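To start, the structure itself, in structure tokens.
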Amino acid sequence: MDIAADEHVKKRTAAGRVLSLLDAFLRGGGALRLTDISRYADLPLPTAHRLVRELLEWGGLEQDEEGCYRLSGKFLRLASSSTRGLEIREHALPHLIALHRSSGQAVQLAVRDGRDIVYLEALRTHPNWSGEARIGGRLPLHVSAAGLVLLAGAGPDVLDDYLSRPLKRYTEHTPVDPDAIRAAVARIRQDKAMIAEHFITHDAGGVGVPVTNGMGETIAAVGLIYFSEKDRPQALLDMVRVAAWRISRAICERPGQPDPRTVDFKRRHAGLL
């Protein structure tokens, strides 16, 4: 780091340095090594190391077996206690638990954050489940069923912007062609559901169904991960539809929302029935 850059770091307040470190996870995504955090946060390595240790002690970061750091679920719990947008998780959790138990599969609740899907809840089939499908985890929208559901519900301007940039490929089945993604989005808007086979790994697929508010707008998505060799996604889809419908109904039963028992509400949510 040159002298000018070093002076810039010194001028930042202690809070500013911590916020820069947290922003590094937005820029770098998922798990980061200490050198990555230092680079993304524009902090000297010793400073980054000290702040990382403090955040680990506080419980804001987790370190995996490979030495990489991730934001912990503590940030989500803090946000959940003060952000209205995460009230949906409280309404959804009983129905996600029921879906998890009845299907025997990993189940998530997700929302869109820019170009990413972010998981508000993740119920796993075993404690050692790896990957980004965890609370606070992020993935590009186009690589999962739930992500494409959220992209389909975001509107044409968001879709156009998303497809204007290069898209990451995880397997040969990951959709990266804009025309293919537009076709998938069109099907989702008609079917109110998505099945994604081998998009991230060769042995698994996903099911996604939108969660909607009283105006029929997509505000979240229920996702389910299945194993390709032993599970039938079409049978699982019906179970995910029911869970998404129940979550949508629970949200719309809040004061000031349309009554979910009315014909008009049911017409707008026909794809979830």
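Ordering of the structure tokens sets the chain letters (A, B, ...); residue numbers start at 1 within each chain; ligands are numbered from 1 in the order shown.
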Proximity check region 91-120 of chain A to region 210-230 of chain A, 6 Å, nearest pairs one decimal Å, only C-alpha atoms, as JSON lines:
{"residue": "A:Ala106", "atom": "CA", "partner": "A:Ile225", "partner_atom": "CA", "distance": 5.4}
{"residue": "A:Val107", "atom": "CA", "partner": "A:Leu224", "partner_atom": "CA", "distance": 4.5}
{"residue": "A:Gln108", "atom": "CA", "partner": "A:Gly223", "partner_atom": "CA", "distance": 4.9}
{"residue": "A:Leu109", "atom": "CA", "partner": "A:Val222", "partner_atom": "CA", "distance": 4.8}
{"residue": "A:Ala110", "atom": "CA", "partner": "A:Ala221", "partner_atom": "CA", "distance": 5.3}
{"residue": "A:Val111", "atom": "CA", "partner": "A:Ala220", "partner_atom": "CA", "distance": 4.6}
- prompt: Running DSSP on the backbone, which parts of region 147-252 of chain A land in strand (DSSP E), as number ranges by chain?
  reply: A: 194-197, 204-212, 218-227
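Considering only C-alpha atoms, the residue among A:Thr47, A:Ser164, A:Thr125, A:Thr35 positioned nearest to Leu99 (chain A) is A:Thr125.
Distances to Arg50 (chain A) were evaluated for A:Leu123, A:Ala31, A:Val18, A:Ala24 using only C-alpha atoms, and the minimum falls at A:Val18.
Minimum atom-to-atom distance to Gly114 (chain A), evaluated using only C-alpha atoms, belongs to A:Asp161 out of A:Asp161, A:Glu54, A:Arg70, A:Ala146.
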message: Applying 10 Å and only C-alpha atoms, which residues near Ser38 (chain A) remain after dropping the ones on its own chain fewer than 5 positions away? List them as a VMD selection string.
response: chain A and resid 20 to 21 24 32 to 33 43 to 49 52
Would you put the residues from that selection into a file with N, CA, C and O atoms, as a PDB file, in the first residue's frame?
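Contents of selection-v3.pdb, freshly written:
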ATOM      1  N   SER A  20     -15.999  -1.007   6.325  1.00  0.00           N
ATOM      2  CA  SER A  20     -15.292  -1.392   5.098  1.00  0.00           C
ATOM      3  C   SER A  20     -15.040  -2.892   5.079  1.00  0.00           C
ATOM      4  O   SER A  20     -15.158  -3.540   4.040  1.00  0.00           O
ATOM      5  N   LEU A  21     -14.709  -3.444   6.241  1.00  0.00           N
ATOM      6  CA  LEU A  21     -14.472  -4.886   6.314  1.00  0.00           C
ATOM      7  C   LEU A  21     -15.758  -5.667   6.017  1.00  0.00           C
ATOM      8  O   LEU A  21     -15.738  -6.660   5.290  1.00  0.00           O
ATOM      9  N   ALA A  24     -16.626  -5.804   2.437  1.00  0.00           N
ATOM     10  CA  ALA A  24     -15.801  -6.731   1.667  1.00  0.00           C
ATOM     11  C   ALA A  24     -16.560  -8.004   1.325  1.00  0.00           C
ATOM     12  O   ALA A  24     -16.363  -8.593   0.265  1.00  0.00           O
ATOM     13  N   LEU A  32     -14.330 -15.677   2.445  1.00  0.00           N
ATOM     14  CA  LEU A  32     -13.151 -14.906   2.054  1.00  0.00           C
ATOM     15  C   LEU A  32     -11.963 -15.270   2.941  1.00  0.00           C
ATOM     16  O   LEU A  32     -12.114 -15.479   4.139  1.00  0.00           O
ATOM     17  N   ARG A  33     -10.782 -15.312   2.338  1.00  0.00           N
ATOM     18  CA  ARG A  33      -9.557 -15.435   3.108  1.00  0.00           C
ATOM     19  C   ARG A  33      -9.160 -14.064   3.631  1.00  0.00           C
ATOM     20  O   ARG A  33      -9.630 -13.040   3.146  1.00  0.00           O
ATOM     21  N   LEU A  43      -7.715  -2.341   3.408  1.00  0.00           N
ATOM     22  CA  LEU A  43      -7.124  -2.222   4.734  1.00  0.00           C
ATOM     23  C   LEU A  43      -5.775  -2.939   4.753  1.00  0.00           C
ATOM     24  O   LEU A  43      -5.616  -3.978   4.095  1.00  0.00           O
ATOM     25  N   PRO A  44      -4.793  -2.423   5.509  1.00  0.00           N
ATOM     26  CA  PRO A  44      -3.543  -3.166   5.677  1.00  0.00           C
ATOM     27  C   PRO A  44      -3.831  -4.529   6.298  1.00  0.00           C
ATOM     28  O   PRO A  44      -4.762  -4.673   7.108  1.00  0.00           O
ATOM     29  N   LEU A  45      -3.041  -5.506   5.951  1.00  0.00           N
ATOM     30  CA  LEU A  45      -3.275  -6.864   6.446  1.00  0.00           C
ATOM     31  C   LEU A  45      -3.300  -6.936   7.978  1.00  0.00           C
ATOM     32  O   LEU A  45      -4.183  -7.601   8.546  1.00  0.00           O
ATOM     33  N   PRO A  46      -2.387  -6.287   8.695  1.00  0.00           N
ATOM     34  CA  PRO A  46      -2.460  -6.343  10.168  1.00  0.00           C
ATOM     35  C   PRO A  46      -3.764  -5.752  10.716  1.00  0.00           C
ATOM     36  O   PRO A  46      -4.339  -6.278  11.670  1.00  0.00           O
ATOM     37  N   THR A  47      -4.241  -4.654  10.098  1.00  0.00           N
ATOM     38  CA  THR A  47      -5.502  -4.049  10.542  1.00  0.00           C
ATOM     39  C   THR A  47      -6.668  -4.988  10.289  1.00  0.00           C
ATOM     40  O   THR A  47      -7.546  -5.173  11.148  1.00  0.00           O
ATOM     41  N   ALA A  48      -6.689  -5.578   9.087  1.00  0.00           N
ATOM     42  CA  ALA A  48      -7.756  -6.526   8.752  1.00  0.00           C
ATOM     43  C   ALA A  48      -7.739  -7.705   9.717  1.00  0.00           C
ATOM     44  O   ALA A  48      -8.794  -8.155  10.183  1.00  0.00           O
ATOM     45  N   HIS A  49      -6.540  -8.203  10.038  1.00  0.00           N
ATOM     46  CA  HIS A  49      -6.419  -9.346  10.947  1.00  0.00           C
ATOM     47  C   HIS A  49      -6.960  -8.997  12.334  1.00  0.00           C
ATOM     48  O   HIS A  49      -7.699  -9.779  12.947  1.00  0.00           O
ATOM     49  N   VAL A  52     -10.800  -8.707  12.171  1.00  0.00           N
ATOM     50  CA  VAL A  52     -11.398 -10.030  11.993  1.00  0.00           C
ATOM     51  C   VAL A  52     -11.435 -10.777  13.320  1.00  0.00           C
ATOM     52  O   VAL A  52     -12.447 -11.414  13.665  1.00  0.00           O
TER      53      VAL A  52
END
- line: If you count only C-alpha atoms, the residue of A:Met194, A:Leu141, A:Cys252, A:Ile37 closest to Val176 (chain A) turns out to be A:Leu141
message: So that I can check the secondary structure, give me every residue of region 1-206 of chain A assigned alpha helix (DSSP H) by backbone DSSP, as a PyMOL selection string.
response: chain A and resi 3-11+14-28+34-41+45-58+73-82+87-103+145-152+156-163+178-191
Surrounding residues of Ser72 (chain A) excluding itself and chain neighbours under 4 positions, 7 Å, only C-alpha atoms, as a list of chain:residue names: A:Gly59, A:Gly60, A:Leu61, A:Glu62
Quick one: write out the picked residues with N, CA, C and O atoms as an mmCIF file, in the first residue's frame?
data_model
loop_
_atom_site.group_PDB
_atom_site.id
_atom_site.type_symbol
_atom_site.label_atom_id
_atom_site.label_comp_id
_atom_site.auth_asym_id
_atom_site.auth_seq_id
_atom_site.Cartn_x
_atom_site.Cartn_y
_atom_site.Cartn_z
ATOM 1 N N GLY A 59 -18.767 -12.754 17.604
ATOM 2 C CA GLY A 59 -19.701 -13.704 17.009
ATOM 3 C C GLY A 59 -20.245 -13.282 15.670
ATOM 4 O O GLY A 59 -21.171 -13.900 15.148
ATOM 5 N N GLY A 60 -19.660 -12.244 15.083
ATOM 6 C CA GLY A 60 -20.146 -11.753 13.795
ATOM 7 C C GLY A 60 -19.570 -12.465 12.605
ATOM 8 O O GLY A 60 -20.098 -12.365 11.486
ATOM 9 N N LEU A 61 -18.463 -13.196 12.815
ATOM 10 C CA LEU A 61 -17.837 -13.964 11.742
ATOM 11 C C LEU A 61 -17.687 -15.415 12.154
ATOM 12 O O LEU A 61 -17.610 -15.733 13.355
ATOM 13 N N GLU A 62 -17.615 -16.278 11.164
ATOM 14 C CA GLU A 62 -17.328 -17.695 11.375
ATOM 15 C C GLU A 62 -16.138 -18.063 10.505
ATOM 16 O O GLU A 62 -15.941 -17.486 9.434
#
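Residue nearest Ile200 (chain A), chosen from A:Ala98, A:Ala145, A:Val185, A:Leu93 and counting only C-alpha atoms: A:Ala145.
Closest approach to Arg115 (chain A) from the set A:Leu26, A:Ile188, A:Leu71, A:Ala180 is made by A:Leu26, with distances taken over only C-alpha atoms.
Proximity to Ala186 (chain A) at 12 Å, evaluated using only C-alpha atoms and with sequence-adjacent residues fewer than 2 positions away removed, yields Leu148, Val149, Leu151, Ala152, Gly153, Gly155, Pro156, Leu159, Asp179, Ala180, Ile181, Arg182, Ala183, Ala184, Ile188, Arg189, Gln190, Asp191, Lys192, Ala193 and Met194 of chain A.
Taking CA of Glu57 (chain A) as the reference point, CA of Phe25 (chain A) is found at 18.0 Å.
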